[in-house]
file coords28.txt (compact mmCIF, C-alpha atoms)
# COMPACT_ATOMS: atom_id res chain seq x y z
CA MET A 245 2.93 -26.14 -2.12
CA VAL A 246 6.06 -24.37 -0.85
CA TYR A 247 7.27 -20.89 -1.66
CA ASN A 248 11.00 -21.34 -2.24
CA LEU A 249 13.12 -18.21 -2.04
CA ASP A 250 15.60 -19.79 -4.44
CA MET A 251 13.00 -19.97 -7.21
CA LYS A 252 13.58 -17.84 -10.27
CA LYS A 253 11.25 -14.92 -10.83
CA GLU A 254 9.33 -16.88 -13.49
CA LYS A 255 8.49 -19.56 -10.95
CA ASP A 256 7.47 -16.98 -8.39
CA ILE A 257 4.89 -15.58 -10.80
CA ASN A 258 3.65 -19.09 -11.62
CA PHE A 259 3.19 -19.73 -7.92
CA GLU A 260 1.17 -16.57 -7.42
CA ASP A 261 -0.79 -17.25 -10.58
CA LYS A 262 -1.65 -20.72 -9.29
CA LEU A 263 -3.08 -19.18 -6.12
CA TRP A 264 -5.16 -16.78 -8.19
CA LYS A 265 -6.51 -19.44 -10.55
CA ALA A 266 -7.49 -21.70 -7.68
CA ALA A 267 -9.21 -18.96 -5.70
CA ASP A 268 -10.79 -17.56 -8.86
CA LYS A 269 -12.94 -20.68 -9.16
CA LEU A 270 -15.18 -19.24 -6.45
CA ARG A 271 -15.84 -16.01 -8.29
CA LYS A 272 -18.86 -17.45 -10.11
CA LYS A 273 -20.71 -17.37 -6.78
CA ILE A 274 -19.94 -13.78 -5.79
CA GLU A 275 -19.10 -10.44 -7.40
CA VAL A 276 -15.50 -9.29 -7.64
CA HIS A 277 -16.02 -6.45 -5.16
CA GLU A 278 -17.15 -9.05 -2.57
CA TYR A 279 -14.67 -11.71 -3.59
CA LYS A 280 -11.65 -9.52 -3.00
CA TYR A 281 -12.71 -8.93 0.60
CA VAL A 282 -12.87 -12.68 1.17
CA VAL A 283 -9.50 -13.45 -0.39
CA LEU A 284 -7.52 -10.45 0.88
CA GLY A 285 -8.93 -10.89 4.39
CA LEU A 286 -7.77 -14.50 4.47
CA ILE A 287 -4.34 -13.59 3.06
CA PHE A 288 -4.03 -11.06 5.87
CA LEU A 289 -4.98 -13.61 8.53
CA ARG A 290 -2.62 -16.18 7.02
CA TYR A 291 0.34 -13.83 6.95
CA ILE A 292 0.05 -12.42 10.46
CA SER A 293 -0.14 -15.98 11.80
CA TYR A 294 2.86 -16.99 9.71
CA ALA A 295 4.95 -14.14 11.14
CA PHE A 296 3.63 -14.83 14.65
CA GLU A 297 4.50 -18.54 14.48
CA GLU A 298 7.95 -17.78 13.12
CA ARG A 299 8.65 -15.51 16.09
CA ARG A 300 7.10 -18.08 18.46
CA LYS A 301 9.55 -20.74 17.25
CA GLU A 302 12.43 -18.34 17.91
CA LEU A 303 11.19 -17.87 21.48
CA GLU A 304 10.72 -21.62 21.96
CA LYS A 305 14.31 -22.20 20.94
CA LYS A 306 15.51 -19.43 23.23
CA PHE A 307 13.76 -20.89 26.26
CA THR A 308 14.40 -24.59 25.58
CA ASN A 309 17.26 -24.83 28.11
CA LYS A 310 16.15 -22.06 30.44
CA VAL A 311 16.07 -22.99 34.14
CA SER A 312 14.16 -20.84 36.61
CA GLU A 313 16.07 -19.46 39.53
CA ASP A 314 12.84 -19.55 41.50
CA PHE A 315 12.31 -23.24 40.66
CA ILE A 316 9.17 -22.45 38.68
CA PRO A 317 8.39 -25.42 36.39
CA TYR A 318 9.87 -24.98 32.89
CA GLU A 319 6.48 -25.25 31.20
CA ASN A 320 5.22 -22.24 33.19
CA ILE A 321 8.21 -20.16 32.10
CA ARG A 322 7.85 -21.31 28.52
CA LYS A 323 4.14 -20.60 28.31
CA GLU A 324 4.54 -17.17 29.88
CA ALA A 325 7.31 -16.27 27.44
CA LEU A 326 5.48 -17.52 24.39
CA GLU A 327 2.34 -15.56 25.23
CA ASP A 328 4.17 -12.34 26.14
CA LYS A 329 2.73 -9.80 23.68
CA ASP A 330 5.72 -7.43 24.00
CA ARG A 331 8.12 -10.12 22.79
CA TYR A 332 6.34 -10.01 19.44
CA LEU A 333 5.58 -6.30 19.13
CA SER A 334 9.21 -5.43 19.87
CA GLU A 335 10.11 -7.20 16.61
CA GLY A 336 7.38 -5.45 14.60
CA ILE A 337 5.20 -8.57 14.66
CA LEU A 338 1.59 -8.73 15.82
CA TYR A 339 0.77 -10.98 18.74
CA VAL A 340 -2.16 -13.09 17.54
CA PRO A 341 -4.80 -14.26 20.06
CA GLU A 342 -5.23 -18.05 20.10
CA LYS A 343 -8.63 -18.14 18.40
CA ALA A 344 -7.45 -15.79 15.67
CA ARG A 345 -4.48 -17.94 14.71
CA TRP A 346 -4.39 -19.72 11.39
CA ASP A 347 -3.91 -23.17 12.93
CA TYR A 348 -7.14 -22.63 14.88
CA LEU A 349 -8.94 -21.85 11.61
CA VAL A 350 -7.43 -24.95 10.02
CA LYS A 351 -8.59 -27.17 12.89
CA ASN A 352 -12.11 -25.80 12.50
CA ALA A 353 -12.21 -25.48 8.72
CA ASN A 354 -14.76 -28.26 8.32
CA GLN A 355 -17.14 -26.89 10.94
CA THR A 356 -20.51 -25.73 9.61
CA ASN A 357 -20.01 -22.39 11.39
CA ILE A 358 -16.53 -21.71 9.97
CA GLY A 359 -17.77 -18.32 8.70
CA GLU A 360 -18.62 -17.30 12.27
CA ILE A 361 -15.24 -18.56 13.47
CA ILE A 362 -13.40 -16.40 10.90
CA ASP A 363 -15.49 -13.34 11.76
CA LYS A 364 -14.77 -13.92 15.44
CA ALA A 365 -11.03 -14.15 14.70
CA ILE A 366 -11.20 -10.74 13.02
CA GLU A 367 -13.16 -9.35 15.97
CA LEU A 368 -10.48 -10.58 18.39
CA LEU A 369 -7.79 -8.82 16.34
CA GLU A 370 -9.82 -5.61 16.35
CA GLU A 371 -10.08 -5.78 20.13
CA GLU A 372 -6.35 -6.44 20.43
CA TYR A 373 -5.34 -3.64 18.02
CA PRO A 374 -8.20 -1.13 17.86
CA ARG A 375 -6.05 1.75 16.51
CA GLN A 376 -4.70 -0.23 13.61
CA LEU A 377 -7.53 -2.62 12.75
CA LYS A 378 -10.91 -1.38 13.98
CA ASP A 379 -13.38 -1.74 11.07
CA VAL A 380 -10.50 -2.48 8.70
CA ILE A 381 -10.99 -6.18 7.86
CA PRO A 382 -14.60 -6.72 6.77
CA LYS A 383 -16.40 -9.29 8.92
CA ILE A 384 -18.40 -10.80 6.05
CA TYR A 385 -17.61 -14.51 6.28
CA THR A 386 -20.93 -15.34 7.93
CA SER A 387 -23.05 -13.38 5.48
CA ILE A 388 -21.17 -13.90 2.19
CA ASN A 389 -22.70 -16.19 -0.44
CA LEU A 390 -20.16 -18.96 0.11
CA ASP A 391 -20.94 -22.23 1.85
CA PRO A 392 -18.68 -23.70 4.59
CA GLY A 393 -17.05 -25.98 2.02
CA ASP A 394 -15.97 -22.98 -0.05
CA LEU A 395 -14.39 -21.29 2.95
CA ALA A 396 -12.66 -24.55 3.92
CA TYR A 397 -11.33 -24.75 0.36
CA LEU A 398 -9.77 -21.29 0.63
CA ILE A 399 -8.29 -22.01 4.07
CA ASN A 400 -6.71 -25.21 2.74
CA LEU A 401 -5.49 -23.32 -0.34
CA PHE A 402 -3.54 -20.76 1.68
CA THR A 403 -2.33 -23.07 4.45
CA PRO A 404 0.74 -24.54 2.64
CA ILE A 405 2.20 -21.15 1.71
CA ASP A 406 5.73 -20.75 3.00
CA PHE A 407 6.49 -17.03 2.87
CA GLY A 408 10.15 -17.84 3.36
CA TYR A 409 12.97 -16.66 5.58
CA ASP A 410 13.23 -12.89 6.00
CA HIS A 411 9.83 -12.44 4.35
CA LYS A 412 9.50 -8.86 5.62
CA GLY A 413 12.88 -7.76 4.32
CA LYS A 414 12.33 -9.42 0.96
CA ASP A 415 8.65 -8.41 0.90
CA ILE A 416 7.54 -11.84 -0.31
CA PHE A 417 4.06 -11.22 1.05
CA GLY A 418 4.00 -7.82 -0.63
CA ARG A 419 4.60 -9.45 -4.01
CA ILE A 420 1.72 -11.89 -3.54
CA TYR A 421 -0.45 -9.06 -2.24
CA GLU A 422 0.50 -6.85 -5.19
CA TYR A 423 -0.23 -9.66 -7.64
CA PHE A 424 -3.71 -10.21 -6.23
CA LEU A 425 -4.48 -6.49 -6.23
CA GLY A 426 -3.39 -6.31 -9.83
CA LYS A 427 -5.62 -9.23 -10.75
CA PHE A 428 -8.55 -7.56 -9.00
CA ALA A 429 -7.81 -4.41 -10.99
CA GLU A 430 -7.85 -6.44 -14.22
CA ALA A 431 -11.10 -8.15 -13.25
CA GLU A 432 -12.86 -4.92 -12.30
CA GLY A 433 -11.53 -2.80 -15.15
CA ARG A 434 -10.52 0.85 -14.78
CA ARG A 435 -12.57 1.43 -11.63
CA GLY A 436 -11.02 -1.52 -9.85
CA GLY A 437 -7.47 -0.30 -10.34
CA GLU A 438 -7.94 3.29 -9.21
CA PHE A 439 -6.36 2.71 -5.84
CA TYR A 440 -3.37 0.63 -6.98
CA THR A 441 -0.04 2.12 -8.10
CA PRO A 442 2.52 -0.34 -9.54
CA ARG A 443 5.39 -1.02 -7.16
CA SER A 444 8.13 0.06 -9.56
CA LEU A 445 6.59 3.55 -9.78
CA THR A 446 6.24 4.04 -6.03
CA LYS A 447 9.78 2.80 -5.49
CA LEU A 448 11.18 5.13 -8.16
CA ILE A 449 9.42 8.22 -6.77
CA VAL A 450 10.43 7.43 -3.19
CA SER A 451 14.03 6.84 -4.29
CA ILE A 452 14.23 10.14 -6.20
CA LEU A 453 12.79 12.03 -3.22
CA ASP A 454 15.37 10.23 -1.04
CA ILE A 455 13.02 9.89 1.91
CA LYS A 456 14.92 9.56 5.20
CA GLY A 457 12.25 10.40 7.77
CA GLY A 458 9.88 13.22 8.60
CA ARG A 459 6.25 13.75 7.57
CA ILE A 460 4.97 11.99 4.47
CA PHE A 461 1.52 12.76 3.07
CA ASP A 462 -0.56 11.17 0.31
CA PRO A 463 -3.99 12.77 -0.19
CA ALA A 464 -5.08 10.02 -2.61
CA CYS A 465 -3.34 7.18 -0.80
CA GLY A 466 -5.30 4.19 -2.12
CA SER A 467 -3.81 0.97 -0.75
CA GLY A 468 -0.78 2.80 0.69
CA GLY A 469 1.84 1.79 -1.87
CA PHE A 470 3.90 4.96 -1.43
CA PHE A 471 4.00 4.49 2.34
CA ILE A 472 5.15 0.88 1.98
CA ALA A 473 7.86 1.88 -0.52
CA ALA A 474 9.09 4.58 1.91
CA LEU A 475 9.14 2.14 4.85
CA GLU A 476 11.04 -0.41 2.77
CA LYS A 477 13.62 2.24 1.85
CA LEU A 478 14.13 3.10 5.51
CA GLU A 479 14.52 -0.58 6.38
CA ARG A 480 17.09 -1.11 3.62
CA GLU A 481 19.12 1.86 4.85
CA GLY A 482 18.91 0.90 8.53
CA ILE A 483 16.78 3.92 9.48
CA ASP A 484 14.23 3.52 12.28
CA LYS A 485 10.79 3.42 10.64
CA ASN A 486 9.40 5.44 13.54
CA LYS A 487 11.27 8.44 12.13
CA LEU A 488 8.63 8.54 9.39
CA THR A 489 5.24 10.03 10.31
CA ILE A 490 2.54 8.89 7.91
CA TYR A 491 -0.55 10.86 6.88
CA GLY A 492 -3.01 9.75 4.25
CA GLN A 493 -6.47 10.49 2.91
CA GLU A 494 -8.63 8.30 0.70
CA SER A 495 -12.16 8.86 -0.56
CA LYS A 496 -13.19 5.19 -0.81
CA GLU A 497 -13.59 2.70 2.02
CA THR A 498 -12.06 -0.37 0.33
CA PRO A 499 -8.62 1.10 -0.40
CA TRP A 500 -8.67 2.80 3.03
CA GLN A 501 -9.08 -0.64 4.60
CA ILE A 502 -6.33 -2.17 2.49
CA CYS A 503 -3.99 0.72 3.33
CA LYS A 504 -4.54 0.16 7.04
CA MET A 505 -3.87 -3.58 6.63
CA ASN A 506 -0.74 -2.86 4.57
CA LEU A 507 0.70 -0.59 7.27
CA THR A 508 -0.17 -3.01 10.07
CA LEU A 509 1.62 -5.83 8.27
CA ARG A 510 4.76 -3.68 8.18
CA GLY A 511 4.52 -2.97 11.92
CA ALA A 512 3.73 0.67 11.17
CA GLU A 513 0.91 3.08 11.93
CA GLY A 514 -0.41 6.10 10.13
CA ASP A 515 -3.11 8.70 10.42
CA ILE A 516 -5.26 7.52 7.49
CA ARG A 517 -8.63 9.22 7.07
CA ILE A 518 -11.59 8.83 4.73
CA GLY A 519 -12.74 11.90 2.85
CA ASP A 520 -12.84 13.74 -0.45
CA SER A 521 -9.56 15.67 -0.67
CA TYR A 522 -11.05 18.18 -3.11
CA HIS A 523 -13.77 19.40 -0.75
CA ASP A 524 -13.04 17.88 2.65
CA ASP A 525 -9.32 18.27 3.28
CA LYS A 526 -8.80 16.28 6.48
CA PHE A 527 -5.28 17.66 6.96
CA PHE A 528 -5.83 21.31 6.13
CA ASP A 529 -3.10 22.50 8.51
CA LEU A 530 -0.53 19.83 7.59
CA ARG A 531 2.70 20.93 5.92
CA ALA A 532 4.61 17.79 4.95
CA ASP A 533 8.26 17.11 4.20
CA TYR A 534 7.19 14.78 1.40
CA VAL A 535 3.98 14.72 -0.62
CA VAL A 536 3.53 11.64 -2.80
CA SER A 537 0.53 10.60 -4.86
CA ASN A 538 -1.08 8.90 -7.83
CA PRO A 539 -4.36 10.81 -8.24
CA PRO A 540 -7.26 9.96 -10.56
CA PHE A 541 -6.17 10.91 -14.08
CA ASN A 542 -8.05 13.72 -15.87
CA ASP A 543 -10.83 13.60 -13.28
CA SER A 544 -13.95 15.00 -14.95
CA GLY A 545 -16.69 16.51 -12.82
CA TRP A 546 -14.39 16.88 -9.80
CA GLY A 547 -16.53 19.66 -8.31
CA ALA A 548 -14.95 22.98 -9.30
CA ASP A 549 -18.21 24.75 -8.54
CA ARG A 550 -17.84 23.80 -4.88
CA ILE A 551 -14.46 25.54 -4.52
CA THR A 552 -14.54 29.07 -3.14
CA TYR A 553 -12.24 31.75 -4.55
CA ASN A 554 -10.70 32.35 -1.12
CA ASP A 555 -9.58 28.69 -0.77
CA PRO A 556 -5.84 29.12 -0.05
CA ARG A 557 -5.01 25.90 -1.86
CA PHE A 558 -5.93 27.38 -5.24
CA ARG A 559 -3.73 30.45 -5.28
CA TYR A 560 -2.90 29.93 -8.96
CA GLY A 561 -6.51 29.58 -10.07
CA ILE A 562 -9.41 27.12 -10.01
CA PRO A 563 -9.11 24.49 -12.78
CA PRO A 564 -12.11 23.74 -15.01
CA ASP A 565 -14.54 21.07 -13.87
CA ASN A 566 -13.73 18.78 -16.78
CA ASN A 567 -10.24 18.01 -15.49
CA GLY A 568 -8.95 17.87 -11.92
CA ASN A 569 -5.22 17.47 -12.65
CA TYR A 570 -4.28 20.99 -11.59
CA ALA A 571 -6.55 20.80 -8.57
CA TRP A 572 -4.33 17.94 -7.36
CA ILE A 573 -1.08 19.67 -8.26
CA GLN A 574 -2.07 22.80 -6.31
CA HIS A 575 -3.26 20.64 -3.42
CA TYR A 576 0.23 19.09 -3.23
CA ILE A 577 1.95 22.47 -3.34
CA TYR A 578 -0.27 23.80 -0.57
CA HIS A 579 0.65 20.89 1.72
CA LEU A 580 4.43 21.19 1.29
CA ALA A 581 6.58 22.44 4.14
CA PRO A 582 8.99 25.30 3.29
CA SER A 583 11.71 22.77 2.48
CA GLY A 584 9.30 20.08 1.32
CA LYS A 585 9.48 17.93 -1.80
CA ALA A 586 6.68 16.34 -3.84
CA GLY A 587 6.72 13.43 -6.26
CA PHE A 588 3.59 12.25 -8.04
CA VAL A 589 2.15 10.56 -11.11
CA MET A 590 0.35 12.77 -13.61
CA ALA A 591 -1.39 12.24 -16.96
CA ASN A 592 0.74 13.56 -19.83
CA GLY A 593 -1.97 16.04 -20.85
CA ALA A 594 -1.04 18.22 -17.87
CA LEU A 595 2.24 19.08 -19.66
CA SER A 596 0.67 20.64 -22.73
CA VAL A 597 -2.90 21.69 -21.95
CA GLY A 598 -3.77 25.36 -22.51
CA GLY A 599 -6.46 27.71 -21.28
CA VAL A 600 -6.94 28.13 -17.53
CA GLU A 601 -4.80 25.07 -16.82
CA GLY A 602 -2.00 26.37 -18.99
CA GLU A 603 -2.08 29.66 -17.10
CA ILE A 604 -1.91 27.81 -13.77
CA ARG A 605 1.07 25.81 -15.05
CA ARG A 606 2.84 29.01 -16.18
CA LYS A 607 2.49 30.56 -12.71
CA ILE A 608 3.77 27.40 -10.99
CA ILE A 609 6.82 27.38 -13.29
CA GLU A 610 7.43 31.10 -12.72
CA ASP A 611 7.44 30.45 -8.98
CA ASP A 612 10.24 27.94 -9.70
CA LEU A 613 8.49 25.00 -8.02
CA VAL A 614 9.00 22.34 -10.72
CA TYR A 615 12.27 20.48 -10.17
CA GLY A 616 11.97 17.68 -12.73
CA ILE A 617 9.74 15.65 -15.03
CA VAL A 618 10.22 11.99 -15.98
CA ALA A 619 8.46 10.94 -19.21
CA CYS A 620 7.38 7.31 -18.72
CA PRO A 621 6.56 4.50 -21.16
CA PRO A 622 2.98 3.30 -21.70
CA LYS A 623 1.61 0.14 -20.05
CA LEU A 624 3.04 0.77 -16.58
CA PHE A 625 -0.42 0.33 -15.09
CA TYR A 626 -2.54 -2.80 -14.94
CA ASN A 627 -5.69 -1.04 -16.03
CA VAL A 628 -4.71 1.72 -18.46
CA SER A 629 -2.12 1.80 -21.23
CA LEU A 630 -1.67 5.56 -21.59
CA PRO A 631 1.79 6.96 -20.83
CA VAL A 632 2.23 9.13 -17.76
CA SER A 633 4.79 11.54 -16.39
CA LEU A 634 6.33 11.73 -12.96
CA TRP A 635 6.47 15.25 -11.56
CA PHE A 636 8.87 16.42 -8.87
CA LEU A 637 8.37 19.73 -7.06
CA ARG A 638 10.46 21.51 -4.44
CA LYS A 639 9.52 24.51 -2.38
CA SER A 640 13.17 25.48 -2.11
CA LYS A 641 15.54 24.41 -4.90
CA PRO A 642 19.31 24.10 -4.51
CA ASN A 643 21.22 26.92 -6.21
CA HIS A 644 22.34 24.84 -9.21
CA MET A 645 18.70 24.06 -10.09
CA LYS A 646 17.15 27.50 -9.63
CA ALA A 647 15.18 28.61 -12.72
CA LYS A 648 15.80 25.19 -14.28
CA VAL A 649 13.68 22.08 -14.85
CA LEU A 650 15.27 18.67 -15.36
CA PHE A 651 13.57 16.53 -18.02
CA ILE A 652 14.28 12.79 -18.19
CA TYR A 653 13.10 10.84 -21.22
CA ALA A 654 12.46 7.31 -19.95
CA LYS A 655 9.91 6.11 -22.50
CA LYS A 656 12.28 3.45 -23.82
CA MET A 657 13.52 2.46 -20.37
CA TYR A 658 11.43 -0.52 -19.30
CA LYS A 659 11.18 -4.29 -19.04
CA GLN A 660 8.22 -6.06 -20.64
CA ILE A 661 6.69 -8.56 -18.20
CA SER A 662 3.52 -9.35 -20.13
CA ARG A 663 1.67 -8.30 -23.26
CA ARG A 664 -0.20 -5.72 -21.21
CA GLN A 665 2.40 -4.45 -18.78
CA VAL A 666 5.94 -3.12 -18.41
CA ILE A 667 7.94 -2.19 -15.30
CA PHE A 668 10.98 -0.21 -14.25
CA THR A 669 13.73 -2.56 -13.01
CA GLU A 670 16.16 -1.87 -10.16
CA GLU A 671 18.71 -0.81 -12.77
CA HIS A 672 16.27 1.66 -14.31
CA ILE A 673 15.48 3.12 -10.89
CA GLU A 674 19.19 3.60 -10.14
CA LYS A 675 19.71 5.39 -13.46
CA ASN A 676 16.82 7.78 -12.87
CA CYS A 677 18.02 8.57 -9.37

call {"tool": "encode", "arguments": {"input": "coords28.txt", "output": "C-alpha cells"}}
result
Amino acid sequence: MVYNLDMKKEKDINFEDKLWKAADKLRKKIEVHEYKYVVLGLIFLRYISYAFEERRKELEKKFTNKVSEDFIPYENIRKEALEDKDRYLSEGILYVPEKARWDYLVKNANQTNIGEIIDKAIELLEEEYPRQLKDVIPKIYTSINLDPGDLAYLINLFTPIDFGYDHKGKDIFGRIYEYFLGKFAEAEGRRGGEFYTPRSLTKLIVSILDIKGGRIFDPACGSGGFFIAALEKLEREGIDKNKLTIYGQESKETPWQICKMNLTLRGAEGDIRIGDSYHDDKFFDLRADYVVSNPPFNDSGWGADRITYNDPRFRYGIPPDNNGNYAWIQHYIYHLAPSGKAGFVMANGALSVGGVEGEIRRKIIEDDLVYGIVACPPKLFYNVSLPVSLWFLRKSKPNHMKAKVLFIYAKKMYKQISRRQVIFTEEHIEKNC
C-alpha cells in the first residue's frame, strides 16, 4: 500500500478511506472515545518515524564518502552523525530514540507485551521532549481492551504508508489526520466534532487576516487547526515560523492533546493551556495581534451567573445564559492588541438576534469594530449542516473602511465533496481574499 503523490484527489480519499475501514473493524471491541486514542497515537508514532527515517537517509548519503582527518573509522563518524539530535531538530524534525522508532515496533509487533512496548515508546518521547509531549499521547496500549494481535494488526496496517516526498510542505499527513478526525466526529455525533474545524475554513480565515507573524491566540483552540493553517501560510511565503507566537486555551483534554501533537508534528511549539475560557481565562493579560476561533455554537448554560459585572471583558453587557455567542465575541475583542485583527466562525443567529444580545451587537458596531462578514453555505462541517458566518473584527480600521462593514455573500460558493459536506476550494479562498 503506497501513497503516491501523483494520485488524483479521488484516489487519495479512497486511500484514506481504506485505512479507516480497516482500522474501524476494531471498534466493536472498544468505544469511539477510546478507539481514537489508539489510532491517532499510532498515526503520530508512524509519522514522526517516517520523517526521522527520511532525514536519516539524507544524512547517510551525506556521509557515505566522508573520510575522517583524524583517521577515526568511518562507521564511528557515520553512527555519531546519524544519532546527532541537532541534525534532525535543525530541519524541524524530531529525533526519535531507538526504542520509540516505528521499525522497532514492527520488529516486536508479535510480542505478547507489544502494548507495554508501545507505551514505553511514548514514555521515551515524553522524556526526550517534555515541553511538547508530556502527558500528550495517552499511554493506554497496555490497559486498552485490545489483545496483542489487534495491536499487531494496526501496526501492520500503518507500516506500508508512504507519506511521499515533501510531506510537510504538501501536508499529506495533515490530510490523513484531518480525514480521521472527521470520521471520529461522524462516529461520535455533534459532541465528537466540537473540537474540529474544517481545513478550508481555517485556511480562509487565516488568509483574510493575512497572518505574517506576531501573537496568535485561539481561546477555543480544539485540535489547533487555526495554528496549523497559520504555520502553513508562513511556510508557503518563506516566513520563519518562529516569528509566530502561539497561544491557545481548550476546555477539554482530548483536543488539547491533539493540538499539542499537531504543533509538534509541524516542528512548532505553543503555550496551550486547559481551562474554561468563560470563567478561567488563562491569558487574561494577553493582547494578541490575531485572535482566531471556532467556538461552540449557541452555547446554552454557559454560566452567565458566574460572570461579575466588573469583568472587563464584558464591557458591552453580559449575554443571557441561554446563548454564549456574544460572550465569545466580547472575549475576542478584549484580547485584541490596539492594532489587532480577529477572524472567527459564528452561528448565523448572532447576526439577527434581539434583546440583550442585539444591544451588545449595536454597541460593537457603533464602536466600529466589525470589518466584514462572510455568509457561508450550509454543510461546511462534518457534524452539523446549519450555515455559519465568518466574522472579521479590527481594533483600528484603515480610513477607507471606517464606519463601514463589508458583507460577502458566499452561500453559493462551494464544492460538493459528499452528500453531507461541502468545502471552499483554493479558487474560492482567493476570491474571498

call {"tool": "residues_around", "arguments": {"input": "coords28.txt", "residues": "stretch 495-510 of chain A", "least_positions_apart": "5", "cutoff": "10 Å", "atoms": "only C-alpha atoms", "output": "short mmCIF file (atom, residue, chain, number, x, y, z; two decimals) with C-alpha atoms, keeping the file's coordinate frame"}}
result
data_model
loop_
_atom_site.label_atom_id
_atom_site.label_comp_id
_atom_site.auth_asym_id
_atom_site.auth_seq_id
_atom_site.Cartn_x
_atom_site.Cartn_y
_atom_site.Cartn_z
CA HIS A 277 -16.02 -6.45 -5.16
CA LYS A 280 -11.65 -9.52 -3.00
CA TYR A 281 -12.71 -8.93 0.60
CA LEU A 284 -7.52 -10.45 0.88
CA GLY A 285 -8.93 -10.89 4.39
CA PHE A 288 -4.03 -11.06 5.87
CA TYR A 291 0.34 -13.83 6.95
CA ILE A 292 0.05 -12.42 10.46
CA ALA A 295 4.95 -14.14 11.14
CA GLY A 336 7.38 -5.45 14.60
CA ILE A 337 5.20 -8.57 14.66
CA LEU A 338 1.59 -8.73 15.82
CA TYR A 373 -5.34 -3.64 18.02
CA ARG A 375 -6.05 1.75 16.51
CA GLN A 376 -4.70 -0.23 13.61
CA LEU A 377 -7.53 -2.62 12.75
CA LYS A 378 -10.91 -1.38 13.98
CA ASP A 379 -13.38 -1.74 11.07
CA VAL A 380 -10.50 -2.48 8.70
CA ILE A 381 -10.99 -6.18 7.86
CA PRO A 382 -14.60 -6.72 6.77
CA LYS A 412 9.50 -8.86 5.62
CA GLY A 413 12.88 -7.76 4.32
CA ASP A 415 8.65 -8.41 0.90
CA PHE A 417 4.06 -11.22 1.05
CA GLY A 418 4.00 -7.82 -0.63
CA TYR A 421 -0.45 -9.06 -2.24
CA LEU A 425 -4.48 -6.49 -6.23
CA GLU A 438 -7.94 3.29 -9.21
CA PHE A 439 -6.36 2.71 -5.84
CA TYR A 440 -3.37 0.63 -6.98
CA PRO A 463 -3.99 12.77 -0.19
CA ALA A 464 -5.08 10.02 -2.61
CA CYS A 465 -3.34 7.18 -0.80
CA GLY A 466 -5.30 4.19 -2.12
CA SER A 467 -3.81 0.97 -0.75
CA GLY A 468 -0.78 2.80 0.69
CA GLY A 469 1.84 1.79 -1.87
CA PHE A 471 4.00 4.49 2.34
CA ILE A 472 5.15 0.88 1.98
CA LEU A 475 9.14 2.14 4.85
CA GLU A 476 11.04 -0.41 2.77
CA LYS A 485 10.79 3.42 10.64
CA ILE A 490 2.54 8.89 7.91
CA ASP A 515 -3.11 8.70 10.42
CA ILE A 516 -5.26 7.52 7.49
CA ARG A 517 -8.63 9.22 7.07
CA ILE A 518 -11.59 8.83 4.73
CA GLY A 519 -12.74 11.90 2.85
CA ASP A 520 -12.84 13.74 -0.45
CA SER A 521 -9.56 15.67 -0.67
CA TYR A 522 -11.05 18.18 -3.11
CA ASP A 524 -13.04 17.88 2.65
#

call {"tool": "residues_around", "arguments": {"input": "coords28.txt", "residues": "stretch 529-540 of chain A", "least_positions_apart": "5", "cutoff": "6 Å", "atoms": "all atoms listed in the file", "output": "ChimeraX atom specification"}}
result
/A:459-462,464,579-581,584-589

call {"tool": "atom_distance", "arguments": {"input": "coords28.txt", "atom1": "atom CA of A:Asp612", "atom2": "atom CA of A:Lys639"}}
result
8.1 Å

call {"tool": "closest_residue", "arguments": {"input": "coords28.txt", "among": "A:Ile562, A:Lys648, A:Ser387, A:Leu398", "to": "A:His575", "atoms": "only C-alpha atoms"}}
result
A:Ile562

call {"tool": "atom_distance", "arguments": {"input": "coords28.txt", "atom1": "atom CA of A:Asp611", "atom2": "atom CA of A:Val597"}}
result
18.8 Å

call {"tool": "atom_distance", "arguments": {"input": "coords28.txt", "atom1": "atom CA of A:Gly547", "atom2": "atom CA of A:Glu601"}}
result
15.5 Å
